[in-house]
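Student: structure_39.tsv (TSV, C-alpha atoms and all ligand atoms) pasted underneath:
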```tsv
chain	number	residue	atom	x	y	z
Z	1	MET	CA	-44.40	-35.92	-123.98
Z	2	GLY	CA	-42.49	-32.56	-123.98
Z	3	ALA	CA	-44.53	-30.37	-121.68
Z	4	GLY	CA	-44.97	-33.01	-118.99
Z	5	LEU	CA	-41.31	-33.97	-118.60
Z	6	GLY	CA	-40.17	-32.89	-115.14
Z	7	VAL	CA	-36.78	-33.70	-113.63
Z	8	VAL	CA	-36.63	-37.48	-113.26
Z	9	ASP	CA	-34.04	-39.78	-111.72
Z	10	GLY	CA	-32.91	-42.24	-114.39
Z	11	MET	CA	-35.51	-42.87	-117.08
Z	12	GLU	CA	-36.53	-46.44	-117.83
Z	13	ASP	CA	-36.43	-47.55	-121.44
Z	14	ARG	CA	-38.90	-50.04	-122.92
Z	15	PHE	CA	-36.86	-52.93	-121.52
Z	16	GLN	CA	-36.82	-51.79	-117.88
Z	17	ARG	CA	-33.23	-50.56	-118.04
Z	18	GLU	CA	-32.55	-47.36	-116.15
Z	19	ILE	CA	-30.78	-44.97	-118.52
Z	20	ASN	CA	-28.92	-42.33	-116.53
Z	21	TYR	CA	-25.56	-42.08	-118.30
Z	22	LEU	CA	-24.60	-39.84	-121.22
Z	23	ARG	CA	-21.35	-40.39	-123.10
Z	24	VAL	CA	-20.37	-37.23	-124.88
Z	25	SER	CA	-17.90	-37.23	-127.75
Z	26	VAL	CA	-16.43	-33.72	-127.63
Z	27	THR	CA	-14.32	-34.12	-130.77
Z	28	ASP	CA	-13.67	-36.61	-133.56
Z	29	ARG	CA	-9.99	-35.59	-133.69
Z	30	CYS	CA	-7.16	-37.42	-132.01
Z	31	ASN	CA	-3.43	-37.08	-131.39
Z	32	LEU	CA	-2.93	-40.84	-131.86
Z	33	ARG	CA	-3.89	-43.33	-134.55
Z	34	CYS	CA	-4.41	-46.60	-132.73
Z	35	LEU	CA	-4.29	-49.48	-135.21
Z	36	TYR	CA	-7.69	-50.88	-134.25
Z	37	CYS	CA	-9.38	-47.48	-134.16
Z	38	MET	CA	-8.22	-45.37	-137.09
Z	39	PRO	CA	-6.37	-45.55	-140.39
Z	40	ALA	CA	-2.83	-44.11	-140.45
Z	41	GLU	CA	-4.09	-40.94	-142.12
Z	42	GLY	CA	-6.87	-40.49	-139.53
Z	43	VAL	CA	-10.61	-40.31	-140.03
Z	44	PRO	CA	-11.78	-37.22	-141.97
Z	45	ALA	CA	-12.75	-34.68	-139.31
Z	46	ALA	CA	-16.17	-33.04	-139.58
Z	47	PRO	CA	-16.12	-29.34	-140.52
Z	48	ARG	CA	-15.85	-27.10	-137.46
Z	49	GLU	CA	-19.37	-25.68	-137.83
Z	50	GLU	CA	-20.78	-29.22	-137.74
Z	51	ILE	CA	-19.28	-29.85	-134.31
Z	52	LEU	CA	-21.25	-28.77	-131.26
Z	53	THR	CA	-19.75	-25.81	-129.43
Z	54	LEU	CA	-18.81	-26.28	-125.78
Z	55	GLU	CA	-21.79	-24.12	-124.80
Z	56	GLU	CA	-24.10	-26.32	-126.88
Z	57	ILE	CA	-22.73	-29.45	-125.26
Z	58	ALA	CA	-23.26	-27.98	-121.80
Z	59	ARG	CA	-26.84	-27.08	-122.76
Z	60	VAL	CA	-27.56	-30.60	-123.95
Z	61	VAL	CA	-26.18	-32.04	-120.72
Z	62	ARG	CA	-28.30	-29.64	-118.67
Z	63	ALA	CA	-31.40	-30.61	-120.65
Z	64	SER	CA	-30.54	-34.32	-120.37
Z	65	THR	CA	-30.90	-34.17	-116.59
Z	66	ARG	CA	-34.64	-33.65	-117.18
Z	67	ALA	CA	-34.64	-37.02	-118.90
Z	68	GLY	CA	-32.86	-38.63	-115.94
Z	69	VAL	CA	-29.16	-38.32	-116.85
Z	70	ARG	CA	-26.99	-38.25	-113.74
Z	71	LYS	CA	-23.58	-39.40	-115.04
Z	72	VAL	CA	-21.55	-37.90	-117.84
Z	73	ARG	CA	-18.39	-39.10	-119.53
Z	74	LEU	CA	-16.43	-36.91	-121.92
Z	75	THR	CA	-14.71	-38.86	-124.66
Z	76	GLY	CA	-13.86	-38.62	-128.36
Z	77	GLY	CA	-11.61	-38.82	-130.41
Z	78	GLU	CA	-9.24	-37.52	-127.83
Z	79	PRO	CA	-11.18	-35.19	-125.52
Z	80	LEU	CA	-8.07	-33.39	-124.30
Z	81	VAL	CA	-7.28	-32.03	-127.78
Z	82	ARG	CA	-10.56	-30.07	-127.72
Z	83	ARG	CA	-9.59	-26.52	-126.87
Z	84	GLY	CA	-11.40	-25.19	-123.79
Z	85	ILE	CA	-12.30	-28.64	-122.44
Z	86	GLU	CA	-11.67	-27.32	-118.89
Z	87	ARG	CA	-14.48	-24.77	-119.46
Z	88	LEU	CA	-16.84	-27.55	-120.42
Z	89	VAL	CA	-15.85	-29.59	-117.35
Z	90	TYR	CA	-16.43	-26.51	-115.20
Z	91	ALA	CA	-19.89	-25.95	-116.67
Z	92	ILE	CA	-21.00	-29.58	-116.35
Z	93	ALA	CA	-19.58	-29.97	-112.85
Z	94	ARG	CA	-21.87	-27.13	-111.75
Z	95	ILE	CA	-25.08	-28.78	-112.95
Z	96	PRO	CA	-26.52	-29.92	-109.61
Z	97	GLU	CA	-28.22	-33.09	-110.96
Z	98	ILE	CA	-24.95	-34.47	-112.38
Z	99	ASP	CA	-23.36	-36.58	-109.67
Z	100	ASP	CA	-20.57	-38.22	-111.67
Z	101	LEU	CA	-18.33	-36.53	-114.24
Z	102	ALA	CA	-15.55	-38.58	-115.81
Z	103	LEU	CA	-13.35	-38.54	-118.89
Z	104	THR	CA	-11.77	-41.18	-121.13
Z	105	THR	CA	-8.39	-40.23	-122.53
Z	106	ASN	CA	-5.23	-41.70	-123.97
Z	107	GLY	CA	-3.47	-39.81	-121.18
Z	108	LEU	CA	-0.83	-38.07	-123.28
Z	109	LEU	CA	-1.99	-34.58	-122.33
Z	110	LEU	CA	-2.81	-35.44	-118.72
Z	111	PRO	CA	0.58	-34.49	-117.25
Z	112	SER	CA	-0.14	-30.83	-117.99
Z	113	MET	CA	-3.95	-30.87	-118.01
Z	114	ALA	CA	-4.95	-33.11	-115.09
Z	115	ALA	CA	-4.57	-30.37	-112.46
Z	116	PRO	CA	-6.66	-27.72	-114.25
Z	117	LEU	CA	-9.25	-30.37	-115.11
Z	118	LYS	CA	-9.48	-31.45	-111.49
Z	119	GLU	CA	-9.76	-27.84	-110.41
Z	120	ALA	CA	-12.57	-27.36	-112.93
Z	121	GLY	CA	-14.49	-30.21	-111.30
Z	122	LEU	CA	-13.43	-33.44	-113.05
Z	123	ARG	CA	-13.88	-36.38	-110.65
Z	124	ARG	CA	-12.09	-39.24	-112.33
Z	125	VAL	CA	-10.43	-40.54	-115.49
Z	126	ASN	CA	-10.15	-43.68	-117.56
Z	127	ILE	CA	-6.84	-43.92	-119.39
Z	128	SER	CA	-6.37	-46.17	-122.40
Z	129	LEU	CA	-3.13	-48.09	-122.26
Z	130	ASP	CA	-2.72	-51.27	-124.28
Z	131	SER	CA	0.93	-52.02	-123.65
Z	132	LEU	CA	3.62	-51.47	-121.04
Z	133	ARG	CA	6.42	-51.79	-123.59
Z	134	PRO	CA	7.49	-48.49	-125.19
Z	135	ASP	CA	8.18	-49.88	-128.67
Z	136	ARG	CA	4.95	-51.80	-128.75
Z	137	TYR	CA	2.91	-48.90	-127.39
Z	138	ALA	CA	4.37	-46.75	-130.17
Z	139	TYR	CA	3.48	-49.43	-132.72
Z	140	ILE	CA	-0.14	-49.90	-131.60
Z	141	THR	CA	-0.80	-46.16	-131.26
Z	142	ARG	CA	1.29	-45.30	-134.34
Z	143	GLY	CA	3.75	-43.05	-132.58
Z	144	GLY	CA	2.55	-42.59	-128.99
Z	145	ASP	CA	5.10	-42.12	-126.20
Z	146	LEU	CA	4.50	-44.57	-123.36
Z	147	LYS	CA	6.53	-42.53	-120.88
Z	148	THR	CA	4.23	-39.52	-121.33
Z	149	ALA	CA	1.08	-41.66	-121.10
Z	150	TRP	CA	2.42	-43.25	-117.91
Z	151	GLN	CA	3.19	-39.81	-116.47
Z	152	GLY	CA	-0.49	-39.10	-117.11
Z	153	VAL	CA	-1.43	-42.17	-115.05
Z	154	GLU	CA	0.86	-41.08	-112.21
Z	155	LYS	CA	-0.58	-37.58	-112.27
Z	156	ALA	CA	-4.14	-38.90	-112.09
Z	157	LEU	CA	-3.19	-41.04	-109.06
Z	158	GLU	CA	-1.34	-38.16	-107.40
Z	159	LEU	CA	-4.33	-35.83	-107.80
Z	160	GLY	CA	-6.78	-38.46	-106.54
Z	161	LEU	CA	-8.85	-38.72	-109.73
Z	162	HIS	CA	-10.14	-42.01	-108.28
Z	163	PRO	CA	-10.94	-44.63	-109.27
Z	164	VAL	CA	-8.19	-44.39	-111.92
Z	165	LYS	CA	-9.14	-46.99	-114.52
Z	166	LEU	CA	-6.80	-48.22	-117.24
Z	167	ASN	CA	-8.46	-49.53	-120.41
Z	168	ALA	CA	-6.61	-52.18	-122.40
Z	169	VAL	CA	-8.07	-53.58	-125.59
Z	170	VAL	CA	-6.65	-57.07	-125.94
Z	171	VAL	CA	-5.69	-58.08	-129.48
Z	172	ARG	CA	-4.16	-61.45	-130.25
Z	173	GLY	CA	-0.67	-61.00	-131.64
Z	174	PHE	CA	-0.49	-57.37	-130.43
Z	175	ASN	CA	-0.58	-57.47	-126.62
Z	176	ASP	CA	-2.12	-60.74	-125.46
Z	177	ASP	CA	1.26	-61.69	-123.99
Z	178	GLU	CA	1.01	-58.68	-121.65
Z	179	ILE	CA	-2.24	-59.68	-119.93
Z	180	LEU	CA	-0.45	-60.78	-116.76
Z	181	ASP	CA	1.81	-57.70	-116.65
Z	182	LEU	CA	-1.21	-55.44	-116.98
Z	183	ALA	CA	-3.13	-57.38	-114.32
Z	184	ARG	CA	-0.09	-57.18	-112.02
Z	185	LEU	CA	-0.43	-53.36	-111.95
Z	186	THR	CA	-3.43	-53.81	-109.64
Z	187	LEU	CA	-1.52	-55.71	-106.96
Z	188	GLU	CA	0.35	-52.84	-105.29
Z	189	ARG	CA	-1.47	-49.71	-106.39
Z	190	PRO	CA	-5.11	-48.55	-106.51
Z	191	LEU	CA	-5.32	-48.98	-110.28
Z	192	HIS	CA	-8.32	-50.60	-111.93
Z	193	VAL	CA	-7.25	-52.40	-115.09
Z	194	ARG	CA	-10.10	-53.16	-117.48
Z	195	PHE	CA	-9.62	-55.63	-120.27
Z	196	ILE	CA	-11.81	-54.75	-123.23
Z	197	GLU	CA	-12.78	-57.20	-125.91
Z	198	LEU	CA	-11.91	-56.01	-129.39
Z	199	MET	CA	-15.06	-54.92	-131.21
Z	200	PRO	CA	-15.31	-55.15	-135.01
Z	201	PHE	CA	-15.78	-51.42	-135.62
Z	202	GLY	CA	-14.17	-49.50	-138.44
Z	203	HIS	CA	-10.55	-50.48	-138.61
Z	204	ALA	CA	-10.85	-53.31	-136.15
Z	205	ALA	CA	-13.07	-55.19	-138.61
Z	206	ALA	CA	-10.03	-56.19	-140.68
Z	207	ILE	CA	-8.13	-57.62	-137.70
Z	208	PHE	CA	-11.13	-58.93	-135.77
Z	209	ALA	CA	-11.12	-62.52	-137.01
Z	210	GLY	CA	-7.51	-63.10	-136.00
Z	211	GLY	CA	-7.32	-60.61	-133.14
Z	212	TYR	CA	-10.40	-61.19	-130.99
Z	213	VAL	CA	-9.68	-62.65	-127.54
Z	214	PRO	CA	-12.75	-63.44	-125.41
Z	215	ALA	CA	-12.85	-61.91	-121.91
Z	216	ALA	CA	-13.38	-65.41	-120.46
Z	217	ALA	CA	-10.00	-66.51	-121.87
Z	218	ILE	CA	-8.30	-63.39	-120.44
Z	219	LYS	CA	-9.83	-64.06	-117.02
Z	220	ALA	CA	-8.82	-67.72	-117.14
Z	221	GLN	CA	-5.23	-66.75	-117.91
Z	222	ILE	CA	-5.15	-64.30	-115.00
Z	223	GLU	CA	-6.65	-66.85	-112.60
Z	224	SER	CA	-4.11	-69.46	-113.62
Z	225	GLU	CA	-1.41	-67.08	-112.33
Z	226	PHE	CA	-3.08	-65.20	-109.45
Z	227	GLY	CA	-5.63	-67.77	-108.28
Z	228	PRO	CA	-9.41	-67.29	-108.22
Z	229	LEU	CA	-10.53	-63.67	-108.60
Z	230	GLN	CA	-13.13	-62.35	-106.15
Z	231	GLU	CA	-16.01	-60.47	-107.72
Z	232	VAL	CA	-16.24	-56.86	-106.54
Z	233	ARG	CA	-19.82	-55.67	-106.41
Z	234	LYS	CA	-19.70	-51.92	-106.76
Z	235	LEU	CA	-17.11	-49.69	-108.32
Z	236	LYS	CA	-18.03	-46.10	-109.18
Z	237	GLY	CA	-19.40	-45.98	-112.73
Z	238	SER	CA	-19.38	-49.77	-113.21
Z	239	GLY	CA	-21.90	-49.86	-116.08
Z	240	PRO	CA	-21.53	-53.02	-118.14
Z	241	ALA	CA	-18.06	-53.91	-116.80
Z	242	ARG	CA	-17.57	-56.72	-114.27
Z	243	TYR	CA	-14.90	-56.20	-111.62
Z	244	TYR	CA	-12.79	-58.66	-109.67
Z	245	ARG	CA	-9.90	-58.48	-107.23
Z	246	ALA	CA	-6.85	-60.71	-106.95
Z	247	ALA	CA	-6.22	-61.82	-103.35
Z	248	GLY	CA	-4.77	-58.90	-101.35
Z	249	ALA	CA	-4.63	-56.55	-104.36
Z	250	ALA	CA	-4.98	-52.78	-103.97
Z	251	GLY	CA	-6.82	-52.35	-107.28
Z	252	THR	CA	-9.26	-54.37	-109.33
Z	253	ILE	CA	-9.40	-56.17	-112.65
Z	254	GLY	CA	-12.38	-55.51	-114.90
Z	255	PHE	CA	-13.74	-57.10	-118.04
Z	256	ILE	CA	-15.81	-55.47	-120.73
Z	257	SER	CA	-17.17	-58.16	-122.92
Z	258	ALA	CA	-19.25	-56.57	-125.64
Z	259	VAL	CA	-18.89	-59.48	-128.03
Z	260	GLY	CA	-18.92	-62.54	-125.81
Z	261	ASP	CA	-21.37	-61.41	-123.11
Z	262	HIS	CA	-24.81	-59.87	-123.06
Z	263	ILE	CA	-23.78	-56.43	-121.86
Z	264	CYS	CA	-26.88	-55.00	-123.52
Z	265	ARG	CA	-29.00	-56.21	-120.58
Z	266	ARG	CA	-27.03	-53.92	-118.27
Z	267	CYS	CA	-26.83	-51.00	-120.69
Z	268	ASN	CA	-27.44	-47.67	-118.92
Z	269	ARG	CA	-26.29	-45.22	-121.58
Z	270	LEU	CA	-26.98	-42.90	-124.42
Z	271	ARG	CA	-24.36	-41.33	-126.71
Z	272	LEU	CA	-24.00	-37.83	-128.06
Z	273	THR	CA	-21.72	-37.60	-131.09
Z	274	ALA	CA	-19.39	-34.66	-131.65
Z	275	SER	CA	-21.66	-33.44	-134.44
Z	276	GLY	CA	-24.69	-33.38	-132.21
Z	277	SER	CA	-26.58	-36.61	-132.86
Z	278	LEU	CA	-27.98	-38.89	-130.21
Z	279	ARG	CA	-27.14	-42.53	-130.71
Z	280	PRO	CA	-29.42	-44.83	-128.71
Z	281	CYS	CA	-27.14	-47.88	-129.26
Z	282	LEU	CA	-23.42	-48.12	-130.06
Z	283	PHE	CA	-24.03	-51.10	-132.32
Z	284	GLY	CA	-26.88	-49.66	-134.36
Z	285	GLU	CA	-26.66	-46.98	-137.03
Z	286	HIS	CA	-29.77	-45.17	-135.84
Z	287	GLU	CA	-29.07	-41.56	-134.83
Z	288	ILE	CA	-31.35	-38.70	-133.85
Z	289	ASP	CA	-30.37	-35.19	-134.89
Z	290	LEU	CA	-30.33	-33.03	-131.76
Z	291	LYS	CA	-28.20	-30.27	-133.24
Z	292	ALA	CA	-30.90	-29.08	-135.66
Z	293	LEU	CA	-33.34	-28.66	-132.77
Z	294	LEU	CA	-30.70	-26.97	-130.64
Z	295	ARG	CA	-29.78	-24.53	-133.39
Z	296	ARG	CA	-33.43	-23.72	-134.07
Z	297	GLY	CA	-33.49	-22.26	-130.57
Z	298	ALA	CA	-35.37	-25.07	-128.79
Z	299	GLY	CA	-35.83	-24.78	-125.04
Z	300	ASP	CA	-34.57	-27.32	-122.47
Z	301	GLU	CA	-37.99	-28.95	-122.28
Z	302	GLU	CA	-38.01	-29.65	-126.02
Z	303	LEU	CA	-34.43	-30.94	-125.98
Z	304	ALA	CA	-35.25	-33.17	-123.02
Z	305	ALA	CA	-38.23	-34.59	-124.89
Z	306	LEU	CA	-35.98	-35.57	-127.80
Z	307	ILE	CA	-33.47	-37.14	-125.39
Z	308	ALA	CA	-36.33	-39.05	-123.76
Z	309	ARG	CA	-37.36	-40.23	-127.24
Z	310	ALA	CA	-33.83	-41.52	-127.87
Z	311	ILE	CA	-34.03	-43.45	-124.58
Z	312	LYS	CA	-37.34	-44.97	-125.64
Z	313	GLU	CA	-35.81	-45.91	-129.01
Z	314	LYS	CA	-33.01	-47.98	-127.46
Z	315	PRO	CA	-33.18	-51.48	-128.92
Z	316	PRO	CA	-33.21	-54.47	-126.56
Z	317	ALA	CA	-29.77	-55.52	-127.78
Z	318	GLY	CA	-27.24	-54.41	-130.33
Z	319	HIS	CA	-26.03	-56.68	-133.08
Z	320	ILE	CA	-22.31	-56.97	-133.37
Z	321	ARG	CA	-21.40	-58.07	-136.81
Z	322	SER	CA	-17.86	-59.00	-137.69
Z	323	HIS	CA	-18.19	-57.51	-141.17
Z	324	ARG	CA	-19.43	-53.96	-141.01
Z	325	PRO	CA	-19.83	-51.79	-144.08
Z	326	ALA	CA	-16.94	-49.35	-144.54
Z	327	ARG	CA	-19.28	-46.33	-144.47
Z	328	GLU	CA	-20.07	-47.02	-140.83
Z	329	LYS	CA	-18.47	-44.76	-138.30
Z	330	ALA	CA	-15.19	-45.44	-136.52
Z	331	MET	CA	-15.02	-45.77	-132.75
Z	332	SER	CA	-13.32	-42.37	-132.57
Z	333	GLN	CA	-16.42	-40.81	-134.15
Z	334	LEU	CA	-18.81	-42.64	-131.84
Z	335	GLY	CA	-17.05	-41.95	-128.58
Z	336	GLY	CA	-15.92	-45.49	-127.69
Z	401	LIG	N1	-9.07	-41.25	-127.21
Z	401	LIG	C1	-9.61	-41.68	-125.97
Z	401	LIG	C2	-8.99	-42.99	-125.53
Z	401	LIG	O1	-8.36	-43.65	-126.34
Z	401	LIG	O2	-9.18	-43.33	-124.37
Z	401	LIG	C3	-11.11	-41.79	-125.94
Z	401	LIG	C4	-11.81	-42.33	-127.16
Z	401	LIG	S1	-11.48	-44.04	-127.54
Z	401	LIG	C5	-12.45	-44.28	-129.00
Z	401	LIG	C6	-12.38	-44.84	-126.24
Z	401	LIG	C7	-12.04	-46.27	-126.00
Z	401	LIG	O3	-12.47	-47.05	-127.11
Z	401	LIG	C8	-10.55	-46.56	-125.81
Z	401	LIG	O4	-10.34	-47.23	-124.59
Z	401	LIG	C9	-10.22	-47.44	-126.99
Z	401	LIG	O5	-9.22	-48.36	-126.68
Z	401	LIG	C10	-11.56	-48.10	-127.26
Z	401	LIG	N2	-11.67	-48.66	-128.60
Z	401	LIG	C11	-11.42	-48.07	-129.79
Z	401	LIG	N3	-11.64	-48.92	-130.80
Z	401	LIG	C12	-12.06	-50.09	-130.25
Z	401	LIG	C13	-12.45	-51.36	-130.77
Z	401	LIG	N4	-12.49	-51.61	-132.07
Z	401	LIG	N5	-12.83	-52.33	-129.89
Z	401	LIG	C14	-12.82	-52.10	-128.57
Z	401	LIG	N6	-12.47	-50.92	-128.00
Z	401	LIG	C15	-12.09	-49.93	-128.84
Z	402	LIG	FE1	-7.35	-41.92	-130.57
Z	402	LIG	FE2	-8.54	-43.17	-128.55
Z	402	LIG	FE3	-8.90	-44.00	-131.09
Z	402	LIG	FE4	-6.53	-44.35	-129.96
Z	402	LIG	S1	-8.46	-45.28	-129.29
Z	402	LIG	S2	-6.90	-43.53	-132.02
Z	402	LIG	S3	-6.37	-42.61	-128.66
Z	402	LIG	S4	-9.58	-42.10	-130.25
```
Go ahead and express the file in the form of structure tokens.
Tutor:
Amino acid sequence: MGAGLGVVDGMEDRFQREINYLRVSVTDRCNLRCLYCMPAEGVPAAPREEILTLEEIARVVRASTRAGVRKVRLTGGEPLVRRGIERLVYAIARIPEIDDLALTTNGLLLPSMAAPLKEAGLRRVNISLDSLRPDRYAYITRGGDLKTAWQGVEKALELGLHPVKLNAVVVRGFNDDEILDLARLTLERPLHVRFIELMPFGHAAAIFAGGYVPAAAIKAQIESEFGPLQEVRKLKGSGPARYYRAAGAAGTIGFISAVGDHICRRCNRLRLTASGSLRPCLFGEHEIDLKALLRRGAGDEELAALIARAIKEKPPAGHIRSHRPAREKAMSQLGG
């Protein structure tokens, strides 16, 4: 395949899905320890030499455009704890084929970093925020400061990093009594609140049975308060999320239903782990080692061929199991 791979616009996998989106985990480290994501002591971080350098990541992204990648999201771990992240944003923003560059963050470092990131070329952010109550936010994140995270949200709005999306993982007994308060944020301001179903990864496996709340139940609760939600067709970077609007609202309400819905049919993505492996499917364990090829001095064409192979190896659907072996990776290692 290698030699013949020109620059293509979104490569189709074997199931006629157009794969044009690369999620890049830039670090497996984090400044929080969310209960459903990590143990209190954190996940053992990979040795520094195992982690792709920023230059290597930029090279992989450049090569990926030959396999049809047009959208990139930087994630982690917490992407803003990776030193030099602005340099990476700058490099990716200058790759002409990339037309959407976004970042998923817990927002704590946004108050100081949002402006340089925007200047470097970042277009938009998703901020994870599971609670609007300071004590509860601190409990779920094991020590996070809600005020700082909220300042990050305000900064993103002020700088026009639109659409500003807020991600809330709903967990029964943790924050399911805040669904309406979170949805209410969309009424007055251009905020896009996305309710994410808890997935039984890593540390969530232990709380999944009691904590899982289906997106349909969340939507029903919101509609019982705000009336029927209108489906919104297109929001930048929609992917597998479905978006709705409450009557007269400035923002939207989204649902990401990985467990209860068949999001796999709308899957448009490939993942690059911090240690340089391509993961065709979040729910499978199959990974393809890109780093070895990269460090052997492979050219863009060869890298693109391996990325194209990963696209072709995407399974039709992932299997979410509620009991996953402990050796499997945590969400922070996979890039969410
Ligand atoms: N640290 C950044 C953040 O929290 O936004 C980026 C990485 S984090 C792994 C990406 C997303 O995955 C977050 O929105 C987080 O809430 C979500 N996440 C983590 N564990 C999850 C789980 N078990 N089920 C569903 N979503 C999860
Ligand atoms: Fe860190 Fe994000 Fe995981 Fe929370 S969800 S522990 S912020 S990587």
Student: Provide the atom CA of Z:Ala91 to atom CA of Z:Gly121 distance in Å, to one decimal place.
Tutor: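 Separation of atom CA of Z:Ala91 and atom CA of Z:Gly121: 8.7 Å.
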Student: With ligand LIG 401 (chain Z) as the partner and 9 Å as the cut-off, tabulate the residues of chain Z that qualify, each row holding the nearest pair of atoms and their distance in Å to one decimal, using all atoms listed in the file, sorted by chain and rising number, as CSV.
Tutor:
```
residue,atom,partner,partner_atom,distance
Z:Ser25,CA,Z:LIG401,C4,8.0
Z:Asp28,CA,Z:LIG401,C4,8.8
Z:Arg29,CA,Z:LIG401,N1,8.7
Z:Cys30,CA,Z:LIG401,N1,6.4
Z:Asn31,CA,Z:LIG401,N1,8.2
Z:Leu32,CA,Z:LIG401,N1,7.7
Z:Cys34,CA,Z:LIG401,C11,7.7
Z:Leu35,CA,Z:LIG401,N3,8.6
Z:Tyr36,CA,Z:LIG401,N4,5.3
Z:Cys37,CA,Z:LIG401,N3,4.3
Z:Met38,CA,Z:LIG401,N3,8.0
Z:Leu74,CA,Z:LIG401,C3,8.3
Z:Thr75,CA,Z:LIG401,C3,4.8
Z:Gly76,CA,Z:LIG401,C4,4.4
Z:Gly77,CA,Z:LIG401,N1,4.8
Z:Glu78,CA,Z:LIG401,N1,3.8
Z:Pro79,CA,Z:LIG401,C3,6.6
Z:Leu80,CA,Z:LIG401,N1,8.4
Z:Leu103,CA,Z:LIG401,C3,8.1
Z:Thr104,CA,Z:LIG401,O2,4.7
Z:Thr105,CA,Z:LIG401,O2,3.7
Z:Asn106,CA,Z:LIG401,C2,4.3
Z:Gly107,CA,Z:LIG401,O2,7.4
Z:Asn126,CA,Z:LIG401,O2,6.9
Z:Ile127,CA,Z:LIG401,O2,5.5
Z:Ser128,CA,Z:LIG401,O2,4.5
Z:Leu129,CA,Z:LIG401,O5,7.5
Z:Asp130,CA,Z:LIG401,O5,7.5
Z:Leu166,CA,Z:LIG401,O4,8.2
Z:Asn167,CA,Z:LIG401,O4,5.1
Z:Ala168,CA,Z:LIG401,O5,6.3
Z:Val169,CA,Z:LIG401,O5,5.5
Z:Val170,CA,Z:LIG401,C14,8.3
Z:Ile196,CA,Z:LIG401,C14,6.0
Z:Glu197,CA,Z:LIG401,C14,5.8
Z:Leu198,CA,Z:LIG401,N5,3.8
Z:Met199,CA,Z:LIG401,N5,3.7
Z:Pro200,CA,Z:LIG401,N4,5.4
Z:Phe201,CA,Z:LIG401,N4,4.8
Z:Gly202,CA,Z:LIG401,N4,6.9
Z:His203,CA,Z:LIG401,N4,6.9
Z:Ala204,CA,Z:LIG401,N4,4.7
Z:Ala205,CA,Z:LIG401,N4,7.5
Z:Phe208,CA,Z:LIG401,N4,8.3
Z:Ala258,CA,Z:LIG401,C14,8.4
Z:Ala330,CA,Z:LIG401,N3,7.6
Z:Met331,CA,Z:LIG401,C5,4.8
Z:Ser332,CA,Z:LIG401,C5,4.1
Z:Gln333,CA,Z:LIG401,C5,7.4
Z:Leu334,CA,Z:LIG401,C5,7.2
Z:Gly335,CA,Z:LIG401,C5,5.2
Z:Gly336,CA,Z:LIG401,O3,3.8
```
Student: List the neighbours of Z:Pro315 out to 12 Å using all atoms listed in the file; skip same-chain residues closer than 2 positions along the sequence, and give me the result as a CSV table (one decimal) with C-alpha atoms, keeping the file's coordinate frame.
Tutor:
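Listing of around.csv after writing:
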```
chain,number,residue,atom,x,y,z
Z,13,ASP,CA,-36.4,-47.6,-121.4
Z,14,ARG,CA,-38.9,-50.0,-122.9
Z,15,PHE,CA,-36.9,-52.9,-121.5
Z,16,GLN,CA,-36.8,-51.8,-117.9
Z,17,ARG,CA,-33.2,-50.6,-118.0
Z,264,CYS,CA,-26.9,-55.0,-123.5
Z,265,ARG,CA,-29.0,-56.2,-120.6
Z,267,CYS,CA,-26.8,-51.0,-120.7
Z,269,ARG,CA,-26.3,-45.2,-121.6
Z,270,LEU,CA,-27.0,-42.9,-124.4
Z,279,ARG,CA,-27.1,-42.5,-130.7
Z,280,PRO,CA,-29.4,-44.8,-128.7
Z,281,CYS,CA,-27.1,-47.9,-129.3
Z,282,LEU,CA,-23.4,-48.1,-130.1
Z,283,PHE,CA,-24.0,-51.1,-132.3
Z,284,GLY,CA,-26.9,-49.7,-134.4
Z,285,GLU,CA,-26.7,-47.0,-137.0
Z,286,HIS,CA,-29.8,-45.2,-135.8
Z,310,ALA,CA,-33.8,-41.5,-127.9
Z,311,ILE,CA,-34.0,-43.4,-124.6
Z,312,LYS,CA,-37.3,-45.0,-125.6
Z,313,GLU,CA,-35.8,-45.9,-129.0
Z,317,ALA,CA,-29.8,-55.5,-127.8
Z,318,GLY,CA,-27.2,-54.4,-130.3
Z,319,HIS,CA,-26.0,-56.7,-133.1
```
Student: Taking into account only C-alpha atoms and all ligand atoms, which residue in the set Z:Ala149, Z:Leu290, Z:Ala249, Z:Ala67 is nearest to ligand LIG 402 (chain Z)?
Tutor: Z:Ala149
Student: Go ahead and compute the interatomic distance for atom CA of Z:Gly84 and atom S1 of ligand LIG 402 (chain Z), in Å to one decimal.
Tutor: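 Those two atoms sit 21.0 Å apart.
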Student: Could you work out how far atom CA of Z:Arg62 lies from atom CA of Z:Arg296, giving the answer in Å with one decimal?
Tutor: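 Answer for the atom CA of Z:Arg296 to atom CA of Z:Arg62 separation: 17.3 Å.
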Student: Under the rule that all atoms listed in the file are counted, which of Z:Val164, Z:Ala102, Z:Ala138, Z:Val72 is the nearest residue to ligand LIG 402 (chain Z)?
Tutor: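 Ranked by minimum distance to ligand LIG 402 (chain Z), first place goes to Z:Ala138.
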Student: Select, from Z:Gly143, Z:Gly248, Z:Pro240, Z:Pro96, the residue with the minimum atom-to-atom distance to ligand LIG 402 (chain Z), counting all atoms listed in the file.
Tutor: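 Answer, going by the shortest atom-to-atom distance: Z:Gly143.
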Student: What's the 9 Å shell around Z:Tyr21, counting all atoms listed in the file, without same-chain residues fewer than 4 positions away, as a PyMOL selection string?
Tutor: chain Z and resi 10+68-73+239+268-271
Student: Have a look at Z:Gly227, Z:Pro111, Z:Gly42, Z:Gly173 and name the one nearest to ligand LIG 402 (chain Z); count all atoms listed in the file.
Tutor: Z:Gly42
